[in-house]
Amino acid sequence: MSEQQLNAEQKAKLDSMTSLLDGTLDDIEDLPGFIQLPTGAYKVKLAEGFRNKIISEKSGDDLPMTVVEIIELGNPEQAPEVKVGDIATLAWMMDNETGKGFFKEAIRPIYTFLNCKELQ
């Protein structure tokens with residue numbers, strides 16, 4: 001990269017930072033939150049699918065989901081704020097009955113939606 005190109009790149013970064021500093025914090029868009037979804041009904045995107053993960057030095061699985069639509073909150077007065085674009089992750093330890101039970105409850109709506117009968 002030539003010195004002239006580098007200077008143009010540095011100037012663009014400086015201009016961008018100056019523009020940012022001329023505003024307020026409210027002018028900067030919030031990042032999506034990483035949350036636990038409160039009781040309710042949501043439309044979510046499961047872009048990554050199930051991921052195998054090490055959790056507390058044991059093998060586990062998780063399922064990240066991005067909120068696409070908030071259909072209904074179970075108790076809006078007590079629920080934390082949820083926004084479209086927020087990310088929640090469910091995780092299970094599949095080496096015990098409790099983890100398998102939580103997995104079954106969480107995956108049931110997905111299986112119903114896809115009309116699945118088997119774990120394949």
# chains A, B, ... in the order shown; residues from 1 in each chain; ligands from 1

$ select_by_dssp --residues "chain A" --states "strand (DSSP E)" --output "ChimeraX atom specification"
/A:34-35,40-45,51-55,58-73,87-92

$ write_last_selection --atoms "N, CA, C and O atoms" --output "CSV table (one decimal), in the first residue's frame"
chain,number,residue,atom,x,y,z
A,34,PHE,N,-27.4,-10.2,24.2
A,34,PHE,CA,-27.2,-11.6,24.4
A,34,PHE,C,-28.0,-11.9,25.6
A,34,PHE,O,-27.6,-11.5,26.7
A,35,ILE,N,-29.2,-12.5,25.5
A,35,ILE,CA,-30.2,-12.6,26.6
A,35,ILE,C,-30.7,-14.0,26.8
A,35,ILE,O,-30.5,-14.9,26.0
A,40,GLY,N,-42.7,-16.5,26.8
A,40,GLY,CA,-43.5,-15.8,25.8
A,40,GLY,C,-43.4,-16.6,24.5
A,40,GLY,O,-43.0,-17.7,24.5
A,41,ALA,N,-43.9,-16.0,23.4
A,41,ALA,CA,-43.9,-16.6,22.1
A,41,ALA,C,-43.0,-15.7,21.2
A,41,ALA,O,-43.3,-14.5,21.1
A,42,TYR,N,-42.1,-16.3,20.5
A,42,TYR,CA,-41.2,-15.6,19.6
A,42,TYR,C,-41.0,-16.3,18.3
A,42,TYR,O,-41.1,-17.5,18.2
A,43,LYS,N,-40.8,-15.6,17.3
A,43,LYS,CA,-40.3,-16.2,16.0
A,43,LYS,C,-38.8,-15.9,16.0
A,43,LYS,O,-38.4,-14.8,16.2
A,44,VAL,N,-38.1,-17.0,15.8
A,44,VAL,CA,-36.6,-16.9,15.9
A,44,VAL,C,-36.0,-17.5,14.6
A,44,VAL,O,-36.6,-18.3,13.9
A,45,LYS,N,-34.8,-17.1,14.4
A,45,LYS,CA,-34.0,-17.6,13.3
A,45,LYS,C,-32.9,-18.5,13.9
A,45,LYS,O,-32.2,-18.1,14.8
A,51,ARG,N,-24.9,-26.8,17.9
A,51,ARG,CA,-23.4,-26.8,17.9
A,51,ARG,C,-23.0,-27.6,19.1
A,51,ARG,O,-23.5,-27.5,20.2
A,52,ASN,N,-22.0,-28.5,18.9
A,52,ASN,CA,-21.4,-29.2,20.0
A,52,ASN,C,-20.4,-28.3,20.7
A,52,ASN,O,-19.7,-27.6,20.0
A,53,LYS,N,-20.4,-28.3,22.0
A,53,LYS,CA,-19.6,-27.4,22.8
A,53,LYS,C,-19.1,-28.1,24.0
A,53,LYS,O,-19.7,-29.0,24.5
A,54,ILE,N,-18.0,-27.6,24.5
A,54,ILE,CA,-17.5,-28.0,25.8
A,54,ILE,C,-18.1,-27.0,26.9
A,54,ILE,O,-17.8,-25.8,26.8
A,55,ILE,N,-18.8,-27.5,27.8
A,55,ILE,CA,-19.4,-26.7,28.9
A,55,ILE,C,-19.0,-27.3,30.2
A,55,ILE,O,-19.3,-28.5,30.5
A,58,LYS,N,-17.3,-30.6,30.0
A,58,LYS,CA,-18.0,-31.8,29.5
A,58,LYS,C,-18.6,-31.4,28.1
A,58,LYS,O,-18.8,-30.3,27.8
A,59,SER,N,-18.9,-32.5,27.4
A,59,SER,CA,-19.5,-32.3,26.1
A,59,SER,C,-21.0,-31.9,26.2
A,59,SER,O,-21.7,-32.5,27.0
A,60,GLY,N,-21.4,-30.8,25.5
A,60,GLY,CA,-22.8,-30.4,25.6
A,60,GLY,C,-23.2,-29.9,24.2
A,60,GLY,O,-22.4,-29.9,23.2
A,61,ASP,N,-24.4,-29.5,24.1
A,61,ASP,CA,-24.9,-28.9,22.8
A,61,ASP,C,-25.6,-27.6,23.1
A,61,ASP,O,-26.1,-27.4,24.2
A,62,ASP,N,-25.5,-26.7,22.1
A,62,ASP,CA,-26.3,-25.5,22.3
A,62,ASP,C,-26.9,-25.1,21.0
A,62,ASP,O,-26.7,-25.7,19.9
A,63,LEU,N,-27.9,-24.2,21.1
A,63,LEU,CA,-28.7,-23.8,19.9
A,63,LEU,C,-28.9,-22.2,20.0
A,63,LEU,O,-29.7,-21.8,20.7
A,64,PRO,N,-28.0,-21.5,19.3
A,64,PRO,CA,-28.2,-20.0,19.3
A,64,PRO,C,-29.4,-19.6,18.4
A,64,PRO,O,-29.7,-20.3,17.4
A,65,MET,N,-30.1,-18.6,18.8
A,65,MET,CA,-31.3,-18.2,18.0
A,65,MET,C,-31.3,-16.6,18.1
A,65,MET,O,-31.0,-16.0,19.1
A,66,THR,N,-31.8,-16.1,17.0
A,66,THR,CA,-31.9,-14.6,16.8
A,66,THR,C,-33.4,-14.3,16.8
A,66,THR,O,-34.1,-14.9,16.0
A,67,VAL,N,-33.8,-13.3,17.6
A,67,VAL,CA,-35.2,-12.9,17.6
A,67,VAL,C,-35.6,-12.2,16.3
A,67,VAL,O,-34.9,-11.2,16.0
A,68,VAL,N,-36.6,-12.7,15.6
A,68,VAL,CA,-37.1,-12.1,14.4
A,68,VAL,C,-38.4,-11.3,14.7
A,68,VAL,O,-38.6,-10.3,14.1
A,69,GLU,N,-39.2,-11.9,15.6
A,69,GLU,CA,-40.5,-11.2,15.9
A,69,GLU,C,-40.9,-11.6,17.3
A,69,GLU,O,-40.7,-12.7,17.8
A,70,ILE,N,-41.4,-10.7,18.1
A,70,ILE,CA,-41.9,-10.9,19.4
A,70,ILE,C,-43.4,-11.0,19.3
A,70,ILE,O,-44.1,-10.0,18.9
A,71,ILE,N,-43.9,-12.2,19.4
A,71,ILE,CA,-45.4,-12.5,19.3
A,71,ILE,C,-46.1,-12.1,20.5
A,71,ILE,O,-47.1,-11.4,20.5
A,72,GLU,N,-45.6,-12.6,21.7
A,72,GLU,CA,-46.3,-12.3,22.9
A,72,GLU,C,-45.4,-12.5,24.1
A,72,GLU,O,-44.6,-13.5,24.1
A,73,LEU,N,-45.4,-11.6,25.1
A,73,LEU,CA,-44.6,-11.8,26.3
A,73,LEU,C,-45.5,-12.4,27.4
A,73,LEU,O,-46.7,-12.0,27.5
A,87,ILE,N,-30.0,-12.0,20.6
A,87,ILE,CA,-29.6,-13.4,20.5
A,87,ILE,C,-29.7,-14.1,21.8
A,87,ILE,O,-29.3,-13.6,22.9
A,88,ALA,N,-30.3,-15.2,21.8
A,88,ALA,CA,-30.4,-16.1,23.0
A,88,ALA,C,-29.9,-17.5,22.6
A,88,ALA,O,-29.9,-17.9,21.4
A,89,THR,N,-29.3,-18.2,23.6
A,89,THR,CA,-28.8,-19.5,23.3
A,89,THR,C,-29.3,-20.5,24.4
A,89,THR,O,-29.2,-20.2,25.6
A,90,LEU,N,-29.8,-21.6,23.9
A,90,LEU,CA,-30.2,-22.7,24.8
A,90,LEU,C,-29.0,-23.7,24.8
A,90,LEU,O,-28.4,-23.9,23.8
A,91,ALA,N,-28.7,-24.2,26.0
A,91,ALA,CA,-27.6,-25.2,26.1
A,91,ALA,C,-28.1,-26.4,26.9
A,91,ALA,O,-28.9,-26.3,27.8
A,92,TRP,N,-27.5,-27.6,26.6
A,92,TRP,CA,-27.9,-28.8,27.3
A,92,TRP,C,-26.7,-29.7,27.5
A,92,TRP,O,-25.8,-29.7,26.6

$ residues_around --residues "range 22-31 of chain A" --least-positions-apart "4" --cutoff "10 Å" --atoms "only C-alpha atoms" --output "VMD selection string"
chain A and resid 17 to 18 85 to 86

$ write_last_selection --atoms "all heavy atoms" --output "PDB file, in the first residue's frame"
ATOM      1  N   MET A  17     -14.383   8.985  12.794  1.00  0.00           N
ATOM      2  CA  MET A  17     -14.344   9.146  14.244  1.00  0.00           C
ATOM      3  C   MET A  17     -14.794  10.552  14.641  1.00  0.00           C
ATOM      4  O   MET A  17     -15.549  10.707  15.596  1.00  0.00           O
ATOM      5  CB  MET A  17     -12.934   8.880  14.767  1.00  0.00           C
ATOM      6  CG  MET A  17     -12.873   8.899  16.265  1.00  0.00           C
ATOM      7  SD  MET A  17     -13.995   7.703  16.998  1.00  0.00           S
ATOM      8  CE  MET A  17     -12.872   6.684  17.829  1.00  0.00           C
ATOM      9  N   THR A  18     -14.390  11.556  13.907  1.00  0.00           N
ATOM     10  CA  THR A  18     -14.795  12.937  14.195  1.00  0.00           C
ATOM     11  C   THR A  18     -16.302  13.065  14.065  1.00  0.00           C
ATOM     12  O   THR A  18     -16.966  13.658  14.917  1.00  0.00           O
ATOM     13  CB  THR A  18     -14.088  13.922  13.243  1.00  0.00           C
ATOM     14  OG1 THR A  18     -12.682  13.779  13.420  1.00  0.00           O
ATOM     15  CG2 THR A  18     -14.490  15.352  13.532  1.00  0.00           C
ATOM     16  N   GLY A  85     -33.558  -8.909  16.809  1.00  0.00           N
ATOM     17  CA  GLY A  85     -32.110  -8.938  16.615  1.00  0.00           C
ATOM     18  C   GLY A  85     -31.354  -9.443  17.836  1.00  0.00           C
ATOM     19  O   GLY A  85     -30.190  -9.804  17.735  1.00  0.00           O
ATOM     20  N   ASP A  86     -32.009  -9.484  19.011  1.00  0.00           N
ATOM     21  CA  ASP A  86     -31.357 -10.027  20.201  1.00  0.00           C
ATOM     22  C   ASP A  86     -31.053 -11.502  19.985  1.00  0.00           C
ATOM     23  O   ASP A  86     -31.763 -12.202  19.253  1.00  0.00           O
ATOM     24  CB  ASP A  86     -32.235  -9.863  21.435  1.00  0.00           C
ATOM     25  CG  ASP A  86     -32.216  -8.450  21.996  1.00  0.00           C
ATOM     26  OD1 ASP A  86     -31.363  -7.649  21.573  1.00  0.00           O
ATOM     27  OD2 ASP A  86     -33.061  -8.148  22.857  1.00  0.00           O
TER      28      ASP A  86
END

$ select_by_dssp --residues "chain A" --states "alpha helix (DSSP H)" --output "VMD selection string"
chain A and resid 3 to 21 97 to 114
